[in-house]
Structures are given as C-alpha cells and as structure tokens.
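Peer 1: Contents of model-v1.txt (compact mmCIF, C-alpha atoms) are below:
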# COMPACT_ATOMS: atom_id res chain seq x y z
CA MET N 1 49.59 65.56 18.03
CA GLY N 2 49.91 63.13 20.94
CA PRO N 3 47.85 59.99 21.35
CA TYR N 4 45.48 61.79 23.76
CA GLN N 5 44.65 64.54 21.24
CA ARG N 6 44.23 61.98 18.49
CA GLY N 7 41.75 60.10 20.68
CA LEU N 8 39.87 63.34 21.34
CA VAL N 9 39.63 64.15 17.64
CA LEU N 10 38.36 60.62 16.98
CA ALA N 11 35.75 60.97 19.72
CA VAL N 12 34.53 64.31 18.33
CA ALA N 13 34.40 62.88 14.80
CA LEU N 14 32.36 59.95 16.11
CA LEU N 15 29.88 62.33 17.70
CA LEU N 16 29.46 64.19 14.43
CA LEU N 17 28.68 61.04 12.44
CA PRO N 18 25.11 60.94 11.19
CA GLY N 19 24.64 57.65 12.98
CA ALA N 20 25.61 59.16 16.34
CA ALA N 21 21.94 59.41 17.27
CA LEU N 22 21.71 55.64 17.01
CA ILE N 23 24.76 55.11 19.20
CA PHE N 24 23.66 57.57 21.91
CA PRO N 25 19.86 57.52 21.63
CA ALA N 26 18.31 60.07 23.99
CA SER N 27 21.33 61.65 25.57
CA ALA N 28 22.98 62.87 22.37
CA GLN N 29 19.94 64.87 21.25
CA GLU N 30 18.92 68.17 22.67
CA ALA N 31 15.62 67.70 24.51
CA ARG N 32 12.83 69.53 22.72
CA SER N 33 9.25 70.08 23.72
CA GLY N 34 6.53 68.80 21.40
CA TYR N 35 5.80 72.48 20.71
CA PHE N 36 8.86 72.47 18.46
CA TYR N 37 7.37 69.74 16.25
CA ALA N 38 3.82 71.14 16.16
CA SER N 39 2.58 73.04 13.10
CA PRO N 40 2.69 76.87 13.17
CA GLU N 41 -1.13 76.92 13.41
CA THR N 42 -1.10 74.69 16.48
CA GLN N 43 1.66 76.78 18.04
CA ALA N 44 -0.34 79.95 17.38
CA LEU N 45 -3.41 78.42 19.03
CA GLN N 46 -1.38 77.56 22.12
CA ASP N 47 0.20 81.02 22.30
CA ASP N 48 -3.13 82.88 22.13
CA PRO N 49 -4.53 83.06 25.67
CA PHE N 50 -8.06 83.82 24.46
CA ALA N 51 -8.35 81.12 21.80
CA ASN N 52 -6.34 78.39 23.55
CA PRO N 53 -9.03 75.79 24.29
CA GLY N 54 -7.00 74.49 27.23
CA SER N 55 -7.72 77.76 29.00
CA LEU N 56 -11.38 76.68 29.23
CA TRP N 57 -10.26 73.81 31.44
CA LEU N 58 -8.16 76.23 33.47
CA GLU N 59 -11.24 78.36 34.04
CA GLU N 60 -13.14 75.32 35.30
CA GLY N 61 -10.12 74.31 37.40
CA ARG N 62 -10.07 77.67 39.18
CA ALA N 63 -13.75 77.28 40.07
CA ARG N 64 -13.20 73.71 41.28
CA TRP N 65 -10.22 74.77 43.39
CA GLN N 66 -12.59 76.79 45.57
CA ARG N 67 -15.50 74.31 45.55
CA ILE N 68 -16.22 72.65 48.89
CA GLU N 69 -16.86 68.92 48.46
CA GLY N 70 -17.01 65.85 50.68
CA ALA N 71 -17.67 65.01 54.31
CA ALA N 72 -14.86 67.15 55.73
CA GLY N 73 -16.36 70.32 54.24
CA LYS N 74 -13.14 71.35 52.58
CA SER N 75 -12.05 72.59 49.20
CA CYS N 76 -8.58 72.41 47.66
CA ALA N 77 -8.09 76.02 48.77
CA SER N 78 -8.91 75.20 52.43
CA CYS N 79 -5.56 73.42 52.83
CA HIS N 80 -3.43 74.80 50.01
CA GLY N 81 -4.55 78.43 49.90
CA ASP N 82 -6.09 80.34 47.02
CA ASN N 83 -2.97 80.17 44.89
CA GLY N 84 -1.54 76.85 46.06
CA THR N 85 1.93 78.38 46.04
CA GLU N 86 3.56 75.57 48.04
CA LEU N 87 2.46 73.07 45.39
CA ILE N 88 4.27 74.78 42.53
CA GLU N 89 7.57 72.94 42.97
CA ALA N 90 5.81 69.62 43.53
CA SER N 91 3.64 69.91 40.43
CA ALA N 92 6.75 69.74 38.26
CA ALA N 93 8.08 66.73 40.18
CA TYR N 94 5.42 64.07 39.61
CA PRO N 95 5.28 61.04 39.49
CA LYS N 96 6.49 61.00 43.10
CA PHE N 97 7.12 58.15 45.50
CA ASN N 98 4.28 57.66 47.99
CA LYS N 99 5.61 56.12 51.21
CA ARG N 100 2.22 54.92 52.42
CA LEU N 101 1.49 53.03 49.19
CA GLY N 102 5.11 52.04 48.58
CA ARG N 103 4.97 53.04 44.90
CA PRO N 104 5.12 56.18 42.78
CA ILE N 105 1.85 57.94 42.01
CA THR N 106 0.94 60.45 39.31
CA LEU N 107 -0.38 63.94 39.92
CA SER N 108 -3.90 62.71 39.00
CA GLN N 109 -3.65 59.98 41.61
CA GLN N 110 -2.34 62.45 44.20
CA ILE N 111 -5.35 64.71 43.63
CA ASN N 112 -7.65 61.74 44.21
CA GLN N 113 -5.67 60.76 47.33
CA CYS N 114 -6.26 64.27 48.66
CA ARG N 115 -9.96 64.07 47.86
CA VAL N 116 -10.50 60.68 49.49
CA ARG N 117 -8.22 61.04 52.53
CA HIS N 118 -8.54 64.72 53.43
CA MET N 119 -11.77 65.95 51.88
CA GLY N 120 -13.86 62.82 52.37
CA ALA N 121 -15.00 63.15 48.77
CA ALA N 122 -15.28 60.52 46.06
CA ALA N 123 -12.31 59.98 43.78
CA LEU N 124 -12.73 61.51 40.33
CA ALA N 125 -12.79 59.20 37.33
CA PRO N 126 -9.48 58.92 35.49
CA ASP N 127 -9.15 61.53 32.76
CA SER N 128 -12.53 63.04 33.62
CA GLU N 129 -13.01 66.72 32.88
CA ALA N 130 -13.07 67.54 36.58
CA LEU N 131 -9.78 65.78 37.29
CA MET N 132 -8.05 67.19 34.22
CA SER N 133 -9.19 70.73 35.10
CA ILE N 134 -7.58 70.59 38.54
CA GLU N 135 -4.44 68.88 37.28
CA LEU N 136 -4.06 71.38 34.45
CA LEU N 137 -4.43 74.24 36.92
CA LEU N 138 -1.64 72.81 39.10
CA ARG N 139 0.59 72.37 36.07
CA GLN N 140 -0.19 75.86 34.80
CA ARG N 141 1.00 77.32 38.09
CA ALA N 142 4.29 75.47 37.60
CA ALA N 143 4.56 76.56 33.95
CA GLY N 144 8.05 77.63 32.94
CA ARG N 145 9.72 75.67 35.71
CA PRO N 146 11.97 72.75 34.79
CA MET N 147 10.66 69.19 35.02
CA GLN N 148 12.42 67.60 37.97
CA VAL N 149 11.37 64.04 38.63
CA SER N 150 13.50 62.18 41.14
CA VAL N 151 14.49 58.62 40.26
CA ASP N 152 16.75 57.99 43.25
CA GLY N 153 16.28 55.60 46.15
CA PRO N 154 12.95 53.77 46.13
CA MET N 155 12.07 55.23 42.69
CA ARG N 156 14.94 53.37 41.00
CA PRO N 157 13.19 50.01 40.36
CA PHE N 158 10.16 51.82 38.90
CA TYR N 159 12.41 53.91 36.70
CA GLU N 160 14.16 50.77 35.49
CA ARG N 161 10.82 49.11 34.77
CA GLY N 162 9.65 52.14 32.82
CA LYS N 163 12.88 52.25 30.87
CA ALA N 164 12.51 48.55 30.03
CA LEU N 165 8.97 49.25 28.75
CA TYR N 166 10.23 52.19 26.69
CA PHE N 167 12.72 49.96 24.89
CA GLN N 168 10.47 46.89 24.68
CA ARG N 169 9.05 46.01 21.27
CA ARG N 170 5.32 45.42 21.50
CA GLY N 171 2.22 44.91 19.38
CA GLN N 172 1.57 43.75 15.83
CA PHE N 173 3.97 46.31 14.39
CA ASN N 174 6.65 45.10 16.80
CA MET N 175 7.57 48.64 17.73
CA ALA N 176 9.12 50.21 20.82
CA CYS N 177 8.77 53.81 21.98
CA TYR N 178 12.42 54.65 21.27
CA GLN N 179 12.15 53.78 17.58
CA CYS N 180 9.94 56.79 16.93
CA HIS N 181 10.79 59.15 19.74
CA ASP N 182 14.57 58.70 20.06
CA GLN N 183 15.53 57.76 16.52
CA ARG N 184 13.07 59.60 14.27
CA PRO N 185 11.70 62.78 15.85
CA GLY N 186 10.76 65.29 13.15
CA GLU N 187 10.02 62.60 10.57
CA PHE N 188 6.56 61.66 9.40
CA VAL N 189 4.67 58.48 10.16
CA ARG N 190 1.75 58.56 7.77
CA GLY N 191 0.23 62.01 8.31
CA GLU N 192 1.73 62.58 11.70
CA ARG N 193 4.95 64.33 12.57
CA LEU N 194 6.85 62.49 15.27
CA SER N 195 8.01 64.38 18.31
CA GLN N 196 10.51 63.33 20.94
CA GLY N 197 7.56 62.17 23.03
CA GLN N 198 8.37 64.55 25.86
CA ILE N 199 5.62 64.87 28.46
CA ASN N 200 6.48 68.31 29.86
CA ASN N 201 3.18 69.57 28.41
CA PHE N 202 0.67 67.08 29.87
CA PRO N 203 -2.21 67.20 30.61
CA ALA N 204 -2.59 68.76 27.17
CA TYR N 205 -5.45 69.73 24.89
CA LEU N 206 -5.28 67.41 21.91
CA ILE N 207 -7.13 68.74 18.89
CA ARG N 208 -8.03 65.18 17.79
CA TRP N 209 -9.73 64.58 21.16
CA GLY N 210 -11.31 67.99 21.51
CA THR N 211 -10.53 67.69 25.18
CA VAL N 212 -7.72 67.78 27.71
CA GLY N 213 -6.18 64.41 28.43
CA SER N 214 -3.39 62.90 30.48
CA ALA N 215 -0.05 61.48 29.38
CA HIS N 216 -1.47 58.00 30.04
CA ARG N 217 -4.27 58.58 27.55
CA ARG N 218 -1.62 59.64 25.03
CA PHE N 219 0.37 56.47 25.79
CA GLN N 220 -2.77 54.46 25.03
CA LEU N 221 -3.09 56.24 21.71
CA CYS N 222 0.57 55.47 20.90
CA ASP N 223 -0.01 51.82 21.77
CA ARG N 224 -3.10 51.59 19.58
CA GLN N 225 -1.28 53.23 16.69
CA ALA N 226 1.44 50.59 17.05
CA ARG N 227 -1.31 47.92 17.23
CA ALA N 228 -0.34 47.01 20.79
CA GLU N 229 -2.79 46.26 23.60
CA PRO N 230 -2.89 49.46 25.69
CA PHE N 231 -2.60 49.37 29.48
CA GLN N 232 -5.15 51.04 31.72
CA ILE N 233 -4.85 54.69 32.69
CA GLY N 234 -3.08 54.77 36.05
CA SER N 235 -1.86 51.17 35.72
CA PRO N 236 1.53 50.29 37.28
CA GLU N 237 2.98 49.84 33.79
CA TYR N 238 2.05 53.35 32.64
CA VAL N 239 3.09 54.94 35.94
CA ALA N 240 6.52 53.31 35.56
CA LEU N 241 6.66 54.47 31.93
CA GLU N 242 5.69 57.97 33.02
CA VAL N 243 8.50 57.93 35.61
CA TYR N 244 11.02 57.12 32.88
CA VAL N 245 9.59 59.55 30.31
CA ALA N 246 9.20 62.38 32.82
CA HIS N 247 12.78 61.91 33.97
CA ARG N 248 13.84 61.87 30.32
CA ALA N 249 12.22 65.33 30.02
CA ARG N 250 14.03 66.69 33.07
CA GLY N 251 15.10 70.29 32.62
CA LEU N 252 12.45 71.00 29.96
CA ALA N 253 10.09 73.77 31.01
CA VAL N 254 6.59 72.72 32.10
CA GLU N 255 4.09 73.83 29.44
CA ALA N 256 0.45 74.41 30.33
CA PRO N 257 -2.05 74.78 28.85
CA ALA N 258 -0.49 73.15 25.81
CA VAL N 259 -2.19 72.37 22.50
CA ARG N 260 -1.11 69.41 20.40
CA PRO N 261 -2.46 67.85 17.20
CA MET X 1 -19.92 70.12 31.45
CA ALA X 2 -19.53 73.63 32.65
CA GLU X 3 -20.90 76.04 30.08
CA ILE X 4 -18.22 78.55 29.23
CA ARG X 5 -18.76 81.23 26.60
CA ARG X 6 -16.19 83.86 25.84
CA ILE X 7 -16.25 87.06 23.85
CA SER X 8 -13.55 89.61 23.17
CA VAL X 9 -13.91 92.99 21.43
CA PRO X 10 -11.60 96.00 21.54
CA LYS X 11 -12.43 98.36 24.43
CA GLN X 12 -12.41 101.48 22.28
CA VAL X 13 -12.71 101.96 18.50
CA GLU X 14 -13.13 104.93 16.21
CA LYS X 15 -16.44 105.49 14.44
CA GLY X 16 -16.48 103.71 11.09
CA GLU X 17 -13.57 101.47 12.03
CA ILE X 18 -13.71 97.74 11.21
CA PHE X 19 -13.03 95.68 14.33
CA THR X 20 -12.88 91.98 15.13
CA VAL X 21 -15.21 90.12 17.47
CA ARG X 22 -13.65 86.91 18.81
CA THR X 23 -15.69 84.20 20.49
CA LEU X 24 -14.98 80.83 22.05
CA ALA X 25 -17.58 78.36 23.31
CA ARG X 26 -16.91 75.27 25.34
CA HIS X 27 -18.97 72.54 23.74
CA LYS X 28 -18.48 68.90 22.75
CA MET X 29 -20.27 69.42 19.40
CA GLU X 30 -21.33 65.79 19.42
CA PRO X 31 -22.42 64.88 15.88
CA GLY X 32 -24.38 61.81 16.97
CA VAL X 33 -22.42 59.25 14.97
CA HIS X 34 -20.08 57.98 17.68
CA PHE X 35 -20.72 54.42 18.76
CA ASP X 36 -19.80 53.30 22.26
CA ALA X 37 -18.27 49.82 21.98
CA ASN X 38 -18.85 49.05 25.67
CA ARG X 39 -22.47 50.07 26.01
CA PHE X 40 -23.57 49.48 22.38
CA VAL X 41 -25.27 52.85 22.15
CA VAL X 42 -24.80 55.83 19.90
CA THR X 43 -23.97 59.07 21.67
CA PRO X 44 -26.95 61.34 20.99
CA ARG X 45 -26.37 64.31 18.76
CA LEU X 46 -25.86 67.61 20.56
CA LEU X 47 -24.66 70.55 18.51
CA LEU X 48 -24.67 74.29 18.72
CA GLN X 49 -26.90 75.03 15.73
CA GLU X 50 -27.03 78.79 15.51
CA VAL X 51 -24.80 81.69 16.39
CA LYS X 52 -26.22 85.19 16.36
CA CYS X 53 -24.66 88.52 17.13
CA HIS X 54 -26.70 91.54 18.14
CA TYR X 55 -25.12 95.00 18.14
CA ASN X 56 -27.30 97.26 20.28
CA GLY X 57 -30.25 94.95 19.64
CA ARG X 58 -29.78 94.78 15.87
CA LEU X 59 -28.90 91.42 14.30
CA VAL X 60 -25.56 91.96 12.55
CA PHE X 61 -24.20 88.43 12.20
CA TYR X 62 -25.83 85.04 11.84
CA ALA X 63 -24.40 81.56 11.27
CA GLU X 64 -25.86 78.07 11.03
CA TRP X 65 -23.60 75.31 12.23
CA PHE X 66 -23.65 71.62 11.31
CA SER X 67 -21.88 68.46 12.36
CA ALA X 68 -18.49 69.29 10.83
CA VAL X 69 -17.84 72.18 13.22
CA SER X 70 -15.11 71.27 15.70
CA SER X 71 -15.57 70.85 19.41
CA ASN X 72 -14.97 73.99 21.47
CA PRO X 73 -15.67 76.15 18.41
CA TYR X 74 -13.73 79.37 18.00
CA LEU X 75 -15.40 81.97 15.77
CA THR X 76 -14.31 85.44 14.75
CA PHE X 77 -15.96 87.97 12.48
CA LYS X 78 -15.67 91.64 11.69
CA LEU X 79 -18.08 94.47 12.35
CA ARG X 80 -18.11 98.19 11.57
CA ALA X 81 -18.27 100.49 14.58
CA GLU X 82 -21.35 102.73 14.52
CA GLU X 83 -22.22 103.68 18.09
CA SER X 84 -21.23 102.84 21.66
CA GLY X 85 -23.19 100.06 23.25
CA GLU X 86 -23.21 96.32 23.78
CA ILE X 87 -22.35 93.39 21.57
CA VAL X 88 -24.23 90.21 22.47
CA VAL X 89 -23.41 86.82 20.96
CA THR X 90 -25.97 84.03 21.33
CA TRP X 91 -25.48 80.30 20.81
CA VAL X 92 -28.52 78.07 20.35
CA ASP X 93 -28.22 74.27 20.62
CA ASP X 94 -30.36 71.40 19.29
CA TYR X 95 -32.77 71.66 22.23
CA ASN X 96 -33.13 75.43 21.94
CA VAL X 97 -30.99 76.00 25.00
CA ILE X 98 -29.67 79.53 24.68
CA THR X 99 -26.31 80.72 26.00
CA THR X 100 -24.91 84.19 25.61
CA ALA X 101 -21.80 86.27 26.08
CA ALA X 102 -21.77 90.05 26.00
CA ALA X 103 -19.16 92.78 25.87
CA PRO X 104 -19.42 96.57 25.95
CA ILE X 105 -17.85 98.68 23.22
CA ASP X 106 -16.94 102.34 23.32
CA VAL X 107 -17.08 104.17 19.97
CA ILE X 108 -15.32 107.52 19.80
CA ASP X 109 -15.52 110.15 17.07
CA LYS X 110 -12.58 110.44 14.73
CA PRO X 111 -10.18 113.18 15.81
CA LYS X 112 -10.47 116.10 13.32
CA SER X 113 -7.28 116.46 11.33
Take the structure from the file and write it as structure tokens.
Peer 2:
Amino acid sequence: MGPYQRGLVLAVALLLLPGAALIFPASAQEARSGYFYASPETQALQDDPFANPGSLWLEEGRARWQRIEGAAGKSCASCHGDNGTELIEASAAYPKFNKRLGRPITLSQQINQCRVRHMGAAALAPDSEALMSIELLLRQRAAGRPMQVSVDGPMRPFYERGKALYFQRRGQFNMACYQCHDQRPGEFVRGERLSQGQINNFPAYLIRWGTVGSAHRRFQLCDRQARAEPFQIGSPEYVALEVYVAHRARGLAVEAPAVRP
Amino acid sequence: MAEIRRISVPKQVEKGEIFTVRTLARHKMEPGVHFDANRFVVTPRLLLQEVKCHYNGRLVFYAEWFSAVSSNPYLTFKLRAEESGEIVVTWVDDYNVITTAAAPIDVIDKPKS
C-alpha cells in the first residue's frame, strides 16, 4: 500500500465517521424532501388527489388563471396561454434575478410584477389565498422537475447573504437554521420531527395552518419557534435566505401540491 | 373564499354492495376563539354545522359538526347500494347557508352465478 492509497483509505474512513455530518454539513448528506420526514398519514394525504387539501387551491388557481382583471383587460392566460407551458422551467428556478429592480425576486413577487406592470391590476397581498392559488398552480405544472436556482453572477452576493443568515445564531434560543436542518434532520424537537428544511415543496398546505402558505411564512414560523424576531414576508432578508435554501435544494424534484404537518 | 365542495362515489356498483362516499369541503371552520393582536377583535365564529346525505331524496346520513372539526373537512362514510340514482351531500353553516355536491351512481344487478 503506497502513501496515496493510505491517504485514500484515511479519507474514506473519515467520511464514515459518525461525526462526518458535522464536518461536512449539507454536502455530505443526501438531499431529502420533507415528504421523507412526514408521518405516513401526512404522506397518504398528499398522495391522494381527491383528499389532498392543496388541490382545492389548485382548483381556484385554474379559475384565476383565466380570470380577466385590471385596466389592460388581460388574464394570466392572455399572455402565457391556457397551460403556461413556457413558464414550467422558470417556475422551478425562482428566486430569479430581476434586472430592472437589481435584486432577486420570488415567484410570488413575480406574479405581482406581472399583475401591476402588464395587467394593470392591483398587487395581491402577500400569502393571500389568491396569490398562493396562482403560485401553487405554477409550481404544480413544474412538479417532478429538479429545482434549479442560479446563484451565479449578480445572484452571488444575495446567495452569500442568505448563507450568512442560515448560519447566523439568532433569537432567545440562540439558534441558527443549520443546527436543526443540517445537523439533526429526523430527530425530534418537542413534538415535531425535524426535516432538512428543503423548500422544493413550497407553497405547501400546512395542516397546522389549514391553508397554503409560502416558504417565507414557514421561515417566520421557524423564527418564532426559535424565539427570534421574524422578518417580513418578501423582505430582502428572507428573499436572500430563500435564494440560499432553494439552491441548497437544487436537484430535488419540485413537489406540488404538498402537505406538511 | 371560493366555495369548493367535492364528492366522489364509484361510477358503478352491484346491488347490495357497500360503497364509500368521499367528500371534501373548502372551509376555514373558524371556531370564533381566535384573537387578532393587531385589530383587537375576535374572528367571528363560522362553522359548517350540519352535513346531510340524501340518496334519491331519502336522508341516509346525518352529522352535526362542532368547533373541533378541522378546516377543509374531509368526510367519508359508507352506504349500501339499493337503486341507481343521485347522491346529494349538503353542508349547512352557522347562517343557514346551504352548499351541495352531487354525484350520480349506477347500480347493476348481481350477475347470476
């Protein structure tokens, strides 16, 4: 055995150590959707197309897709067609850099941009039923496709900011995102089973909410549970965090409509 | 909120067969105990109180719901197939607003063995 082989054996042994997850936080683990950590009952609810409550939002989304609103007399379908096929790739790629604004925007914000700039309609309230219905419909059309958020070029500083937030300890419990979602997925915190915190399934129907909500609303819940002051939905902090977390979920299949506890 | 009511029954069943009726209603099921910290008001109670099922006009299933029923309630129950016709499920809320969902059912005679 030469020195090279010995080094290789050592490297493999190091990877197999139980503490390897601490040395290589996110990269060493296989990325898993929150579906994996959900209870069998929750999984069954998601898999049943009739009983899945998220499908109610889809139904509303399909109606809203065709609804003409605003001064320009247009609906979503007027520009994007009945099936919105050219949006399928894009729906899996948000948050995306917006050149006009000079910052990344979420899919929710893009829908509102469309409404205000092209339809002449009022922007929908963040996380409102109307907005979530349309966003969920777009995500459902992209279901099964891999998450592919770009963090190159102008996205880089926002990615770095989001990554810094992910690893920053905040709140009364002095906790950072990675402590639960990189180091302890699968373990219990009080009554809740931790997941990897992947956002390939958002907007998702959360049973505790009884409604479909965005990833930002889930971030707020995480913050409150860690006794940290939550940021606003759509705030620059959460958009940056979403850029990091969405890129972290790259390659995972988009799941919609998803059901989570 | 858009009112959505769903019902699902098998298209065709044999006479005497026990089949499942599945229903899903989109509803907040607001129990009237939630306090809004910004506006200092309690969200008024709004529940679906009653669910009834009529099989060809005959009442075959009845339920009274209270505040512990989840939002977007999903309800299934079993019926025995007697004759072809229509199954109508009715939801009644606190203000007597009635919503329905209906599905046809085709009952065939058992093949003679």
Peer 1: Tyr62 (chain X): which residues within 9 Å, counting only C-alpha atoms, same-chain residues fewer than 3 positions away excluded, as JSON, numbers by chain?
Peer 2: {"X": [50, 51, 52, 53, 59]}
Peer 1: Could you write out as a JSON list (two decimals) with C-alpha atoms, in the coordinates of the input the residues of chain N within 8 Å of chain X, counting all atoms listed in the file?
Peer 2:
[["chain", "number", "residue", "atom", "x", "y", "z"],
["N", 50, "PHE", "CA", -8.06, 83.82, 24.46],
["N", 51, "ALA", "CA", -8.35, 81.12, 21.80],
["N", 53, "PRO", "CA", -9.03, 75.79, 24.29],
["N", 56, "LEU", "CA", -11.38, 76.68, 29.23],
["N", 60, "GLU", "CA", -13.14, 75.32, 35.30],
["N", 129, "GLU", "CA", -13.01, 66.72, 32.88],
["N", 210, "GLY", "CA", -11.31, 67.99, 21.51]]
Peer 1: What separation in Å, quoted to one decimal, exists between CA of Val41 (chain X) and CA of Phe231 (chain N)?
Peer 2: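 Between CA of Val41 (chain X) and CA of Phe231 (chain N) the gap is 24.1 Å.
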Peer 1: Using Å and a single decimal, report how far CA of Glu135 (chain N) sits from CA of His247 (chain N).
Peer 2: 18.9 Å
Peer 1: Extract, using all atoms listed in the file, all DNA, RNA and protein residues at most 7 Å from region 29-34 of chain N, discarding same-chain residues fewer than 2 positions from it, and format them as a list in words.
Peer 2: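 In the requested form, the answer reads Ala26, Ser27, Phe36, Tyr37, Ala38, Ser195, Gln196, Gly197, Gln198, Asn200 and Ala249 of chain N.
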Peer 1: Residues at most 8 Å from Leu46 (chain X), counting all atoms listed in the file, excluding those fewer than 2 positions away in the same chain, as a list in words?
Peer 2: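 So, after excluding close chain neighbours, the residues are Lys28, Met29, Glu30, Pro31, Gly32, Pro44, Leu48, Asp93 and Asp94 of chain X.
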Peer 1: Please, what distance in Å, to one decimal, runs between CA of His181 (chain N) and CA of Leu194 (chain N)?
Peer 2: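 Straight-line distance from CA of His181 (chain N) to CA of Leu194 (chain N) works out to 6.8 Å.
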